[in-house]
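J.: So that you have it, the file is start_5.cif, and it contains mmCIF, C-alpha atoms:
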```
data_run
loop_
_atom_site.label_atom_id
_atom_site.label_comp_id
_atom_site.auth_asym_id
_atom_site.auth_seq_id
_atom_site.Cartn_x
_atom_site.Cartn_y
_atom_site.Cartn_z
CA MET D 1 -15.43 -7.99 -52.42
CA SER D 2 -19.18 -8.49 -52.62
CA LEU D 3 -20.04 -12.14 -52.10
CA SER D 4 -22.71 -13.84 -54.19
CA PRO D 5 -25.90 -14.77 -52.32
CA PRO D 6 -26.42 -18.44 -51.45
CA ALA D 7 -29.65 -18.57 -53.46
CA GLN D 8 -31.67 -16.73 -56.09
CA PRO D 9 -35.38 -15.87 -56.16
CA GLY D 10 -37.41 -18.67 -57.66
CA GLN D 11 -35.15 -21.48 -56.50
CA SER D 12 -36.48 -24.27 -54.35
CA PHE D 13 -35.46 -24.64 -50.72
CA ALA D 14 -33.40 -27.68 -51.73
CA GLU D 15 -31.27 -25.50 -54.04
CA ILE D 16 -30.12 -23.08 -51.32
CA ASP D 17 -26.39 -23.31 -50.72
CA THR D 18 -25.29 -23.86 -47.13
CA PRO D 19 -24.78 -22.46 -44.62
CA ALA D 20 -27.27 -19.63 -45.15
CA LEU D 21 -29.42 -17.30 -43.09
CA ILE D 22 -33.08 -18.14 -43.72
CA LEU D 23 -36.01 -15.81 -43.11
CA ASP D 24 -39.35 -17.59 -42.93
CA LEU D 25 -41.47 -14.89 -44.57
CA ASP D 26 -44.78 -16.28 -43.35
CA ALA D 27 -43.76 -16.35 -39.67
CA PHE D 28 -41.92 -13.03 -40.02
CA GLU D 29 -45.02 -11.31 -41.42
CA ARG D 30 -47.21 -12.73 -38.66
CA ASN D 31 -44.74 -11.36 -36.09
CA LEU D 32 -44.89 -7.93 -37.75
CA VAL D 33 -48.68 -7.92 -37.58
CA ALA D 34 -48.82 -9.22 -34.00
CA MET D 35 -46.53 -6.52 -32.56
CA ALA D 36 -48.21 -3.77 -34.57
CA ALA D 37 -51.62 -4.84 -33.30
CA PHE D 38 -50.38 -5.06 -29.70
CA THR D 39 -48.78 -1.62 -29.60
CA GLN D 40 -51.75 -0.01 -31.33
CA ALA D 41 -54.17 -1.63 -28.88
CA HIS D 42 -52.15 -0.33 -25.91
CA GLY D 43 -51.60 3.16 -27.28
CA VAL D 44 -47.79 3.05 -27.32
CA ARG D 45 -45.38 3.93 -30.11
CA LEU D 46 -43.31 1.19 -31.70
CA ARG D 47 -39.70 2.02 -32.49
CA PRO D 48 -38.14 -1.36 -33.37
CA HIS D 49 -34.46 -1.99 -32.80
CA ALA D 50 -32.48 -2.28 -36.02
CA LYS D 51 -29.47 -3.79 -34.24
CA THR D 52 -31.44 -7.01 -34.62
CA HIS D 53 -31.95 -7.01 -38.37
CA LYS D 54 -29.49 -4.40 -39.81
CA SER D 55 -31.71 -4.11 -42.86
CA PRO D 56 -33.46 -1.05 -44.38
CA GLN D 57 -35.87 -3.43 -46.15
CA ILE D 58 -37.04 -4.85 -42.85
CA ALA D 59 -37.11 -1.40 -41.25
CA LEU D 60 -39.39 -0.06 -43.96
CA LEU D 61 -41.73 -3.03 -43.55
CA GLN D 62 -41.93 -2.33 -39.81
CA ILE D 63 -42.70 1.32 -40.54
CA ALA D 64 -45.37 0.27 -43.04
CA HIS D 65 -46.94 -1.66 -40.14
CA GLY D 66 -47.11 1.45 -37.97
CA ALA D 67 -43.66 1.86 -36.42
CA VAL D 68 -42.64 5.52 -35.92
CA GLY D 69 -39.10 4.86 -37.05
CA GLN D 70 -36.14 2.79 -35.91
CA CYS D 71 -33.58 2.74 -33.16
CA CYS D 72 -30.06 1.39 -33.41
CA GLN D 73 -26.83 1.26 -31.43
CA LYS D 74 -24.19 2.64 -33.78
CA VAL D 75 -23.76 5.69 -35.99
CA SER D 76 -22.89 3.43 -38.91
CA GLU D 77 -26.19 1.57 -38.43
CA ALA D 78 -28.00 4.91 -38.53
CA GLU D 79 -26.19 5.78 -41.76
CA VAL D 80 -27.31 2.52 -43.35
CA LEU D 81 -30.91 3.10 -42.27
CA VAL D 82 -31.11 6.73 -43.44
CA ASN D 83 -29.40 5.92 -46.74
CA GLY D 84 -32.00 3.15 -47.14
CA GLY D 85 -34.94 5.52 -46.76
CA VAL D 86 -35.69 5.54 -43.01
CA GLY D 87 -36.61 9.05 -41.91
CA ASP D 88 -36.59 8.79 -38.10
CA VAL D 89 -33.71 7.14 -36.23
CA LEU D 90 -32.80 7.14 -32.54
CA VAL D 91 -29.31 5.97 -31.58
CA THR D 92 -29.93 4.35 -28.20
CA ASN D 93 -26.34 4.59 -27.12
CA GLU D 94 -23.76 7.02 -25.83
CA ILE D 95 -21.91 8.60 -28.75
CA VAL D 96 -18.56 10.13 -27.85
CA GLY D 97 -16.19 12.24 -29.95
CA PRO D 98 -16.56 14.79 -32.75
CA GLY D 99 -16.03 12.30 -35.58
CA LYS D 100 -19.06 10.18 -34.78
CA LEU D 101 -21.19 13.16 -33.74
CA ASP D 102 -20.42 14.98 -36.98
CA ARG D 103 -21.61 11.94 -38.91
CA LEU D 104 -24.86 11.91 -36.92
CA ALA D 105 -25.36 15.64 -37.42
CA LYS D 106 -24.95 15.24 -41.19
CA LEU D 107 -27.71 12.63 -41.15
CA ALA D 108 -30.00 15.14 -39.44
CA ARG D 109 -30.04 17.17 -42.66
CA SER D 110 -32.24 14.50 -44.24
CA ALA D 111 -33.83 12.63 -41.32
CA LYS D 112 -34.97 13.12 -37.76
CA ILE D 113 -32.05 12.00 -35.60
CA GLY D 114 -31.91 11.42 -31.86
CA LEU D 115 -29.31 10.12 -29.46
CA CYS D 116 -28.91 9.34 -25.78
CA VAL D 117 -26.69 11.14 -23.28
CA ASP D 118 -25.77 10.41 -19.68
CA HIS D 119 -23.12 13.08 -19.05
CA PRO D 120 -22.92 16.89 -19.34
CA GLU D 121 -19.92 16.52 -21.67
CA GLY D 122 -22.12 14.47 -23.97
CA VAL D 123 -24.56 17.37 -24.12
CA ARG D 124 -21.79 19.82 -24.95
CA GLU D 125 -20.28 17.60 -27.66
CA ALA D 126 -23.66 16.94 -29.29
CA ALA D 127 -24.57 20.64 -29.21
CA GLU D 128 -21.28 21.61 -30.85
CA ALA D 129 -21.69 19.01 -33.61
CA ALA D 130 -25.25 20.16 -34.29
CA ALA D 131 -24.07 23.76 -34.46
CA ARG D 132 -21.28 22.87 -36.92
CA HIS D 133 -23.85 21.41 -39.29
CA ASP D 134 -26.72 23.81 -38.59
CA VAL D 135 -29.15 21.11 -37.44
CA VAL D 136 -31.12 20.25 -34.31
CA LEU D 137 -30.63 16.87 -32.64
CA ASP D 138 -33.15 15.19 -30.35
CA ILE D 139 -31.73 14.15 -26.99
CA LEU D 140 -32.99 11.45 -24.65
CA VAL D 141 -31.36 11.41 -21.24
CA GLU D 142 -30.49 7.85 -20.33
CA LEU D 143 -31.51 6.48 -16.94
CA ASP D 144 -29.84 3.56 -15.23
CA VAL D 145 -32.97 1.54 -14.52
CA GLY D 146 -31.18 -1.54 -13.21
CA GLY D 147 -28.87 -2.69 -15.98
CA ARG D 148 -25.79 -1.15 -14.36
CA ARG D 149 -24.45 -0.20 -17.75
CA CYS D 150 -25.01 3.32 -19.11
CA GLY D 151 -27.33 5.88 -17.58
CA VAL D 152 -27.71 8.06 -14.49
CA ALA D 153 -29.95 8.42 -11.43
CA PRO D 154 -33.13 10.57 -11.56
CA GLY D 155 -31.59 13.68 -9.99
CA GLU D 156 -28.65 13.78 -12.36
CA ALA D 157 -30.99 13.06 -15.29
CA VAL D 158 -32.94 16.22 -14.49
CA ARG D 159 -29.76 18.31 -14.34
CA ILE D 160 -28.63 16.95 -17.71
CA ALA D 161 -32.09 17.59 -19.22
CA GLU D 162 -31.96 21.19 -18.02
CA THR D 163 -28.61 21.60 -19.78
CA VAL D 164 -30.10 20.17 -22.98
CA ALA D 165 -33.08 22.51 -22.74
CA ARG D 166 -30.79 25.55 -22.62
CA SER D 167 -29.14 24.61 -25.92
CA ASN D 168 -30.17 26.20 -29.21
CA THR D 169 -29.11 23.16 -31.23
CA LEU D 170 -30.54 20.37 -29.10
CA ARG D 171 -34.11 19.43 -28.20
CA PHE D 172 -34.90 17.59 -24.99
CA ALA D 173 -37.13 14.76 -26.21
CA GLY D 174 -37.48 12.56 -23.14
CA LEU D 175 -35.93 9.61 -21.33
CA GLN D 176 -34.23 6.40 -22.36
CA ALA D 177 -35.28 3.76 -19.82
CA TYR D 178 -34.31 0.37 -21.23
CA HIS D 179 -33.63 -2.57 -18.91
CA GLY D 180 -31.67 -4.99 -21.09
CA ALA D 181 -30.92 -7.51 -18.35
CA ALA D 182 -34.63 -8.02 -17.70
CA GLN D 183 -35.33 -9.31 -21.21
CA HIS D 184 -34.01 -12.80 -20.49
CA MET D 185 -35.10 -13.28 -16.90
CA ARG D 186 -36.88 -16.58 -17.21
CA SER D 187 -40.00 -16.21 -15.07
CA ILE D 188 -42.67 -13.59 -15.63
CA ASP D 189 -42.48 -12.68 -11.94
CA GLU D 190 -38.76 -11.87 -12.22
CA ARG D 191 -39.33 -9.77 -15.33
CA ARG D 192 -42.29 -7.95 -13.80
CA GLU D 193 -40.41 -7.14 -10.59
CA ALA D 194 -37.44 -5.76 -12.52
CA ILE D 195 -39.63 -3.58 -14.75
CA GLU D 196 -41.69 -2.31 -11.83
CA ARG D 197 -38.47 -1.09 -10.19
CA ALA D 198 -37.41 0.50 -13.46
CA GLY D 199 -40.82 2.13 -13.77
CA LEU D 200 -40.52 3.74 -10.35
CA LEU D 201 -37.27 5.38 -11.44
CA ALA D 202 -38.73 6.54 -14.74
CA ARG D 203 -41.89 7.92 -13.15
CA ASN D 204 -39.89 9.69 -10.44
CA THR D 205 -37.67 11.30 -13.06
CA ALA D 206 -40.63 12.44 -15.15
CA GLU D 207 -42.20 14.02 -12.05
CA ARG D 208 -38.95 15.84 -11.23
CA LEU D 209 -38.71 17.06 -14.81
CA ALA D 210 -42.24 18.45 -14.58
CA GLN D 211 -41.35 20.25 -11.36
CA ALA D 212 -38.41 21.77 -13.23
CA GLY D 213 -40.75 22.95 -15.98
CA LEU D 214 -39.63 20.36 -18.55
CA SER D 215 -42.07 18.24 -20.50
CA CYS D 216 -41.07 14.60 -20.92
CA GLU D 217 -42.53 13.79 -24.31
CA VAL D 218 -41.14 10.26 -24.61
CA ILE D 219 -40.20 7.53 -22.16
CA SER D 220 -38.64 4.92 -24.42
CA GLY D 221 -37.40 1.44 -23.68
CA ALA D 222 -38.73 -2.10 -23.38
CA GLY D 223 -37.62 -5.12 -25.34
CA THR D 224 -39.16 -8.28 -26.69
CA GLY D 225 -39.03 -10.04 -23.33
CA THR D 226 -40.80 -7.33 -21.32
CA HIS D 227 -42.74 -5.18 -23.82
CA GLU D 228 -46.10 -6.33 -22.48
CA ILE D 229 -45.24 -5.11 -18.98
CA GLU D 230 -43.98 -1.69 -20.06
CA SER D 231 -46.89 -1.18 -22.46
CA GLN D 232 -49.40 -1.76 -19.67
CA SER D 233 -47.55 0.33 -17.08
CA GLY D 234 -48.79 3.77 -17.99
CA ILE D 235 -45.16 4.96 -17.84
CA TRP D 236 -43.46 3.94 -21.07
CA ASN D 237 -44.99 5.26 -24.28
CA GLU D 238 -42.40 3.98 -26.78
CA ILE D 239 -41.32 0.38 -27.22
CA GLN D 240 -37.90 -0.59 -28.60
CA ALA D 241 -38.39 -4.32 -29.13
CA GLY D 242 -36.17 -5.85 -31.81
CA SER D 243 -35.98 -9.64 -31.59
CA TYR D 244 -39.76 -10.12 -31.91
CA ILE D 245 -39.49 -10.27 -35.69
CA PHE D 246 -37.12 -13.27 -35.58
CA MET D 247 -37.06 -14.83 -32.10
CA ASP D 248 -34.26 -17.15 -31.08
CA ALA D 249 -33.57 -20.16 -28.91
CA ASP D 250 -32.72 -18.06 -25.86
CA TYR D 251 -35.99 -16.14 -25.91
CA ALA D 252 -37.79 -19.47 -26.18
CA ARG D 253 -36.42 -20.30 -22.72
CA ASN D 254 -38.43 -17.46 -21.15
CA ARG D 255 -41.60 -18.54 -19.41
CA GLN D 256 -45.10 -17.08 -19.50
CA ALA D 257 -47.38 -16.70 -16.47
CA ASP D 258 -48.59 -20.31 -16.71
CA GLY D 259 -45.02 -21.63 -16.86
CA THR D 260 -45.17 -22.52 -20.55
CA PRO D 261 -42.52 -21.32 -23.03
CA PHE D 262 -42.67 -17.75 -24.32
CA ARG D 263 -44.75 -18.03 -27.50
CA THR D 264 -45.99 -14.52 -28.18
CA PHE D 265 -44.01 -14.56 -31.44
CA GLU D 266 -42.83 -17.32 -33.77
CA HIS D 267 -39.36 -18.45 -34.75
CA ALA D 268 -38.78 -16.83 -38.14
CA LEU D 269 -34.99 -16.86 -38.40
CA PHE D 270 -32.99 -20.00 -39.10
CA ILE D 271 -29.62 -21.15 -40.33
CA VAL D 272 -29.84 -23.83 -42.96
CA THR D 273 -26.84 -26.11 -42.76
CA GLY D 274 -25.83 -29.17 -44.75
CA VAL D 275 -24.57 -32.51 -43.51
CA MET D 276 -21.09 -32.88 -45.00
CA SER D 277 -19.88 -35.97 -43.13
CA LYS D 278 -21.62 -39.03 -41.67
CA THR D 279 -18.96 -41.66 -41.05
CA VAL D 280 -20.54 -43.26 -37.96
CA PRO D 281 -24.21 -43.86 -37.11
CA ASP D 282 -24.36 -41.58 -34.05
CA ARG D 283 -22.69 -38.44 -35.44
CA ALA D 284 -23.44 -36.10 -38.33
CA VAL D 285 -21.14 -33.19 -39.12
CA VAL D 286 -22.68 -30.03 -40.57
CA ASP D 287 -21.11 -27.00 -42.26
CA ALA D 288 -22.32 -24.36 -39.75
CA GLY D 289 -19.96 -23.53 -36.92
CA HIS D 290 -18.88 -20.39 -35.08
CA LYS D 291 -18.73 -18.38 -38.31
CA ALA D 292 -22.40 -19.09 -39.05
CA ALA D 293 -24.03 -18.93 -35.60
CA ALA D 294 -23.35 -16.83 -32.50
CA VAL D 295 -23.17 -18.98 -29.36
CA ASP D 296 -22.97 -16.31 -26.63
CA SER D 297 -26.54 -17.16 -25.52
CA GLY D 298 -26.25 -20.87 -26.07
CA LEU D 299 -25.87 -23.21 -29.01
CA PRO D 300 -28.36 -23.26 -31.87
CA THR D 301 -31.05 -25.90 -31.66
CA PRO D 302 -32.13 -28.22 -34.50
CA TRP D 303 -35.65 -27.38 -35.63
CA GLN D 304 -38.25 -30.12 -35.12
CA ARG D 305 -35.72 -32.93 -34.91
CA GLU D 306 -36.61 -34.79 -31.75
CA GLY D 307 -33.63 -36.46 -30.13
CA VAL D 308 -31.00 -34.51 -32.10
CA VAL D 309 -28.60 -32.06 -30.42
CA TYR D 310 -26.14 -29.58 -31.96
CA THR D 311 -22.74 -29.75 -30.21
CA LYS D 312 -19.02 -29.00 -30.54
CA PRO D 313 -19.00 -26.04 -32.91
CA SER D 314 -15.64 -25.07 -34.37
CA ASP D 315 -14.91 -22.48 -37.04
CA GLU D 316 -16.69 -24.24 -39.90
CA HIS D 317 -18.08 -27.41 -38.33
CA GLY D 318 -20.91 -28.37 -36.04
CA VAL D 319 -21.71 -31.84 -34.75
CA LEU D 320 -25.18 -33.33 -34.47
CA THR D 321 -25.51 -36.17 -31.99
CA GLY D 322 -28.34 -38.13 -30.44
CA ASP D 323 -30.70 -40.82 -31.60
CA PRO D 324 -29.03 -42.51 -34.60
CA VAL D 325 -32.42 -43.10 -36.18
CA ALA D 326 -33.28 -39.39 -36.02
CA LEU D 327 -29.92 -38.11 -37.28
CA PRO D 328 -29.85 -36.74 -40.84
CA HIS D 329 -27.85 -38.32 -43.64
CA ARG D 330 -24.94 -37.01 -45.70
CA GLY D 331 -26.25 -34.32 -48.06
CA ASP D 332 -29.37 -33.57 -45.98
CA LYS D 333 -30.26 -30.04 -44.98
CA VAL D 334 -31.04 -29.11 -41.36
CA LEU D 335 -32.62 -25.95 -39.98
CA LEU D 336 -31.07 -24.50 -36.81
CA VAL D 337 -32.68 -21.91 -34.54
CA PRO D 338 -29.87 -19.52 -33.50
CA GLY D 339 -29.21 -19.06 -29.80
CA HIS D 340 -28.99 -15.26 -30.22
CA CYS D 341 -30.44 -13.71 -33.35
CA ASP D 342 -28.69 -10.30 -33.34
CA PRO D 343 -25.03 -11.37 -33.55
CA THR D 344 -25.96 -14.32 -35.78
CA VAL D 345 -27.41 -11.90 -38.35
CA ASN D 346 -24.15 -9.94 -38.23
CA LEU D 347 -22.26 -13.05 -39.41
CA HIS D 348 -24.13 -13.19 -42.72
CA ASP D 349 -24.23 -11.10 -45.89
CA TRP D 350 -27.70 -12.12 -47.05
CA TYR D 351 -31.19 -13.03 -45.89
CA VAL D 352 -32.61 -15.82 -48.01
CA CYS D 353 -36.34 -15.11 -47.74
CA VAL D 354 -38.34 -18.30 -48.09
CA ARG D 355 -42.07 -18.63 -48.61
CA GLY D 356 -43.77 -21.78 -47.29
CA LEU D 357 -40.60 -22.80 -45.45
CA HIS D 358 -42.01 -25.79 -43.62
CA GLY D 359 -44.10 -27.11 -46.50
CA PRO D 360 -43.43 -29.14 -49.64
CA ASP D 361 -43.38 -26.09 -51.93
CA ALA D 362 -40.82 -24.03 -49.99
CA HIS D 363 -39.10 -21.62 -52.34
CA VAL D 364 -36.95 -18.51 -52.33
CA GLU D 365 -39.07 -15.39 -52.81
CA ALA D 366 -36.38 -12.76 -52.27
CA VAL D 367 -32.78 -12.23 -51.23
CA TRP D 368 -32.06 -9.17 -49.05
CA PRO D 369 -28.61 -7.89 -48.11
CA VAL D 370 -27.70 -7.56 -44.44
CA ALA D 371 -26.77 -3.99 -45.29
CA GLY D 372 -25.56 -3.08 -41.81
CA ARG D 373 -23.35 -6.11 -41.33
CA GLY D 374 -20.16 -5.06 -39.57
CA ALA D 375 -21.54 -1.58 -38.79
CA LEU D 376 -19.63 -1.19 -35.53
CA THR D 377 -18.60 2.48 -35.42
#
```
What would the structure in this file look like if it were written as structure tokens?
T.:
Amino acid sequence: MSLSPPAQPGQSFAEIDTPALILDLDAFERNLVAMAAFTQAHGVRLRPHAKTHKSPQIALLQIAHGAVGQCCQKVSEAEVLVNGGVGDVLVTNEIVGPGKLDRLAKLARSAKIGLCVDHPEGVREAAEAAARHDVVLDILVELDVGGRRCGVAPGEAVRIAETVARSNTLRFAGLQAYHGAAQHMRSIDERREAIERAGLLARNTAERLAQAGLSCEVISGAGTGTHEIESQSGIWNEIQAGSYIFMDADYARNRQADGTPFRTFEHALFIVTGVMSKTVPDRAVVDAGHKAAAVDSGLPTPWQREGVVYTKPSDEHGVLTGDPVALPHRGDKVLLVPGHCDPTVNLHDWYVCVRGLHGPDAHVEAVWPVAGRGALT
């Protein structure tokens, strides 16, 4: 069943039903421009991560601002993107089994498709799927650059790349060198140290590939928390940042070189929630709980409400506590900054795109579907 959106274009902010996922179009557009300008100035390619937004509309706006395409984590996300008009998609994940690989190969009939591998069997399976559908798939060999998740050491990466290069249905395109754990290291020194170690591994692998006669066209990786370091390293030439378009409360806990909060990009994603109960002066109950906001990276934070704290989420309830004078009243609307934007987006069917969000004339300009919601396969 397709659910109706919580608002319609032209409505005022006050008319939005709650809870709803709000996109501040003004801040979002400034974030788009800021990242595009940064990557262009540093001569690196921007391949934003669609696992953040799950939206072809947003992907196409990023491409219009200079991105080379998109990356994503799941085959089903790639299907949503290609069906929505995106012509270049990299699946930055290990894809196992003929069913998923056949789906990817079918997409390669109408778009440029790449995927990551970290095992010789992955090369064989991808090559067979590409052959079944008479296409060529791009392959990035994934390095373990410190995340201790997927990926291999430099020597094994070279052996896998050589296997890819011998295939008639695969093209060795480069290296996947993403350090996810580094994105939320709080101090700039911690993040820089982690990325410098990752860079040594990536550079070493590229040198070994050259010695083996293989050109490493792309070294891809980097996220919102470390993109500045990778872009200035001379090693990475493709940036996979995703959260920069939205930001969230957890990224706001990162610190810049001077110790101040990470402010390269603006908060553009919010949950609007309504106060449904106010029976005592020091507690307001809102209609956004676990089913409206992911809490794996911490609870959402009330936006510009000094002295008010969001606590005790349950399925459909959240509790605001704090200064009784600052607490909202029954029927009031409250903006929350999600703790983690990616899984929060996946809880909603619609983006309610608001122009002038923080001003008196805030209104709904557009409503976009979260087209990739639930795309897990």
J.: Take the PyMOL selection byres ((chain D and resi 140-154) around 8), apply it to the structure above, and return the hits as an MDAnalysis selection string.
T.: chainID D and resid 94 114:118 138:139 155:158 160:161 172:181 194 197:199 201:202 204:205 208
J.: From the set D:His227, D:His317, D:His49, D:Lys278, which residue has the shortest atom-to-atom contact distance to Thr264 of chain D, counting only C-alpha atoms?
T.: D:His227
J.: Could the centre and edge lengths of an axis-aligned box, enclosing all atoms of segment 134-140 of chain D in the file with 5 Å extra on each side, be given in Å to one decimal as lines of an AutoDock Vina configuration file?
T.:
```
center_x = -29.9
center_y = 17.6
center_z = -31.6
size_x = 16.4
size_y = 22.4
size_z = 23.9
```
J.: How would you write, as a compact mmCIF listing (two decimals) with C-alpha atoms, in the coordinates of the input, the residues chosen by the PyMOL selection byres ((chain D and resi 357-367) around 12) on this structure?
T.:
```txt
# COMPACT_ATOMS: atom_id res chain seq x y z
CA SER D 4 -22.71 -13.84 -54.19
CA PRO D 5 -25.90 -14.77 -52.32
CA PRO D 6 -26.42 -18.44 -51.45
CA ALA D 7 -29.65 -18.57 -53.46
CA GLN D 8 -31.67 -16.73 -56.09
CA PRO D 9 -35.38 -15.87 -56.16
CA GLY D 10 -37.41 -18.67 -57.66
CA GLN D 11 -35.15 -21.48 -56.50
CA SER D 12 -36.48 -24.27 -54.35
CA PHE D 13 -35.46 -24.64 -50.72
CA ALA D 14 -33.40 -27.68 -51.73
CA GLU D 15 -31.27 -25.50 -54.04
CA ILE D 16 -30.12 -23.08 -51.32
CA ASP D 17 -26.39 -23.31 -50.72
CA ALA D 20 -27.27 -19.63 -45.15
CA LEU D 21 -29.42 -17.30 -43.09
CA ILE D 22 -33.08 -18.14 -43.72
CA LEU D 23 -36.01 -15.81 -43.11
CA ASP D 24 -39.35 -17.59 -42.93
CA LEU D 25 -41.47 -14.89 -44.57
CA ASP D 26 -44.78 -16.28 -43.35
CA ALA D 27 -43.76 -16.35 -39.67
CA PHE D 28 -41.92 -13.03 -40.02
CA SER D 55 -31.71 -4.11 -42.86
CA GLN D 57 -35.87 -3.43 -46.15
CA ILE D 58 -37.04 -4.85 -42.85
CA HIS D 267 -39.36 -18.45 -34.75
CA ALA D 268 -38.78 -16.83 -38.14
CA LEU D 269 -34.99 -16.86 -38.40
CA PHE D 270 -32.99 -20.00 -39.10
CA VAL D 272 -29.84 -23.83 -42.96
CA TRP D 303 -35.65 -27.38 -35.63
CA GLN D 304 -38.25 -30.12 -35.12
CA VAL D 334 -31.04 -29.11 -41.36
CA LEU D 335 -32.62 -25.95 -39.98
CA ASP D 349 -24.23 -11.10 -45.89
CA TRP D 350 -27.70 -12.12 -47.05
CA TYR D 351 -31.19 -13.03 -45.89
CA VAL D 352 -32.61 -15.82 -48.01
CA CYS D 353 -36.34 -15.11 -47.74
CA VAL D 354 -38.34 -18.30 -48.09
CA ARG D 355 -42.07 -18.63 -48.61
CA GLY D 356 -43.77 -21.78 -47.29
CA TRP D 368 -32.06 -9.17 -49.05
CA PRO D 369 -28.61 -7.89 -48.11
CA VAL D 370 -27.70 -7.56 -44.44
CA ALA D 371 -26.77 -3.99 -45.29
```
J.: Find, counting all atoms listed in the file, the residue in D:Asp134, D:Glu128, D:Cys71, D:Asp189 that gets nearest to Ser167 of chain D.
T.: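 Distance minimum relative to Ser167 of chain D lands on D:Glu128.
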J.: Write only N, CA and C atoms for segment 227-240 of chain D from the block just shown, as a short mmCIF file (atom, residue, chain, number, x, y, z; two decimals), in the first residue's frame.
T.:
```
data_model
loop_
_atom_site.label_atom_id
_atom_site.label_comp_id
_atom_site.auth_asym_id
_atom_site.auth_seq_id
_atom_site.Cartn_x
_atom_site.Cartn_y
_atom_site.Cartn_z
N HIS D 227 36.77 13.74 4.26
CA HIS D 227 36.97 14.02 2.84
C HIS D 227 38.04 15.06 2.59
N GLU D 228 38.20 16.02 3.50
CA GLU D 228 39.21 17.05 3.31
C GLU D 228 40.61 16.45 3.34
N ILE D 229 40.81 15.46 4.20
CA ILE D 229 42.13 14.84 4.34
C ILE D 229 42.47 14.02 3.10
N GLU D 230 41.54 13.16 2.67
CA GLU D 230 41.79 12.36 1.47
C GLU D 230 41.99 13.25 0.24
N SER D 231 41.20 14.29 0.11
CA SER D 231 41.27 15.14 -1.08
C SER D 231 42.62 15.84 -1.20
N GLN D 232 43.25 16.10 -0.08
CA GLN D 232 44.53 16.81 -0.07
C GLN D 232 45.73 15.86 -0.03
N SER D 233 45.47 14.55 -0.07
CA SER D 233 46.53 13.57 0.14
C SER D 233 47.37 13.29 -1.10
N GLY D 234 46.79 13.52 -2.27
CA GLY D 234 47.46 13.12 -3.49
C GLY D 234 47.32 11.64 -3.78
N ILE D 235 46.53 10.93 -3.00
CA ILE D 235 46.34 9.48 -3.17
C ILE D 235 44.94 9.20 -3.69
N TRP D 236 43.94 9.61 -2.95
CA TRP D 236 42.56 9.40 -3.38
C TRP D 236 42.21 10.38 -4.49
N ASN D 237 41.49 9.91 -5.49
CA ASN D 237 41.01 10.82 -6.54
C ASN D 237 39.50 10.75 -6.73
N GLU D 238 38.81 10.01 -5.84
CA GLU D 238 37.34 9.94 -5.89
C GLU D 238 36.81 9.90 -4.46
N ILE D 239 35.84 10.74 -4.20
CA ILE D 239 35.32 10.95 -2.85
C ILE D 239 33.89 10.42 -2.77
N GLN D 240 33.62 9.60 -1.75
CA GLN D 240 32.32 8.94 -1.62
C GLN D 240 31.46 9.51 -0.48
#
```
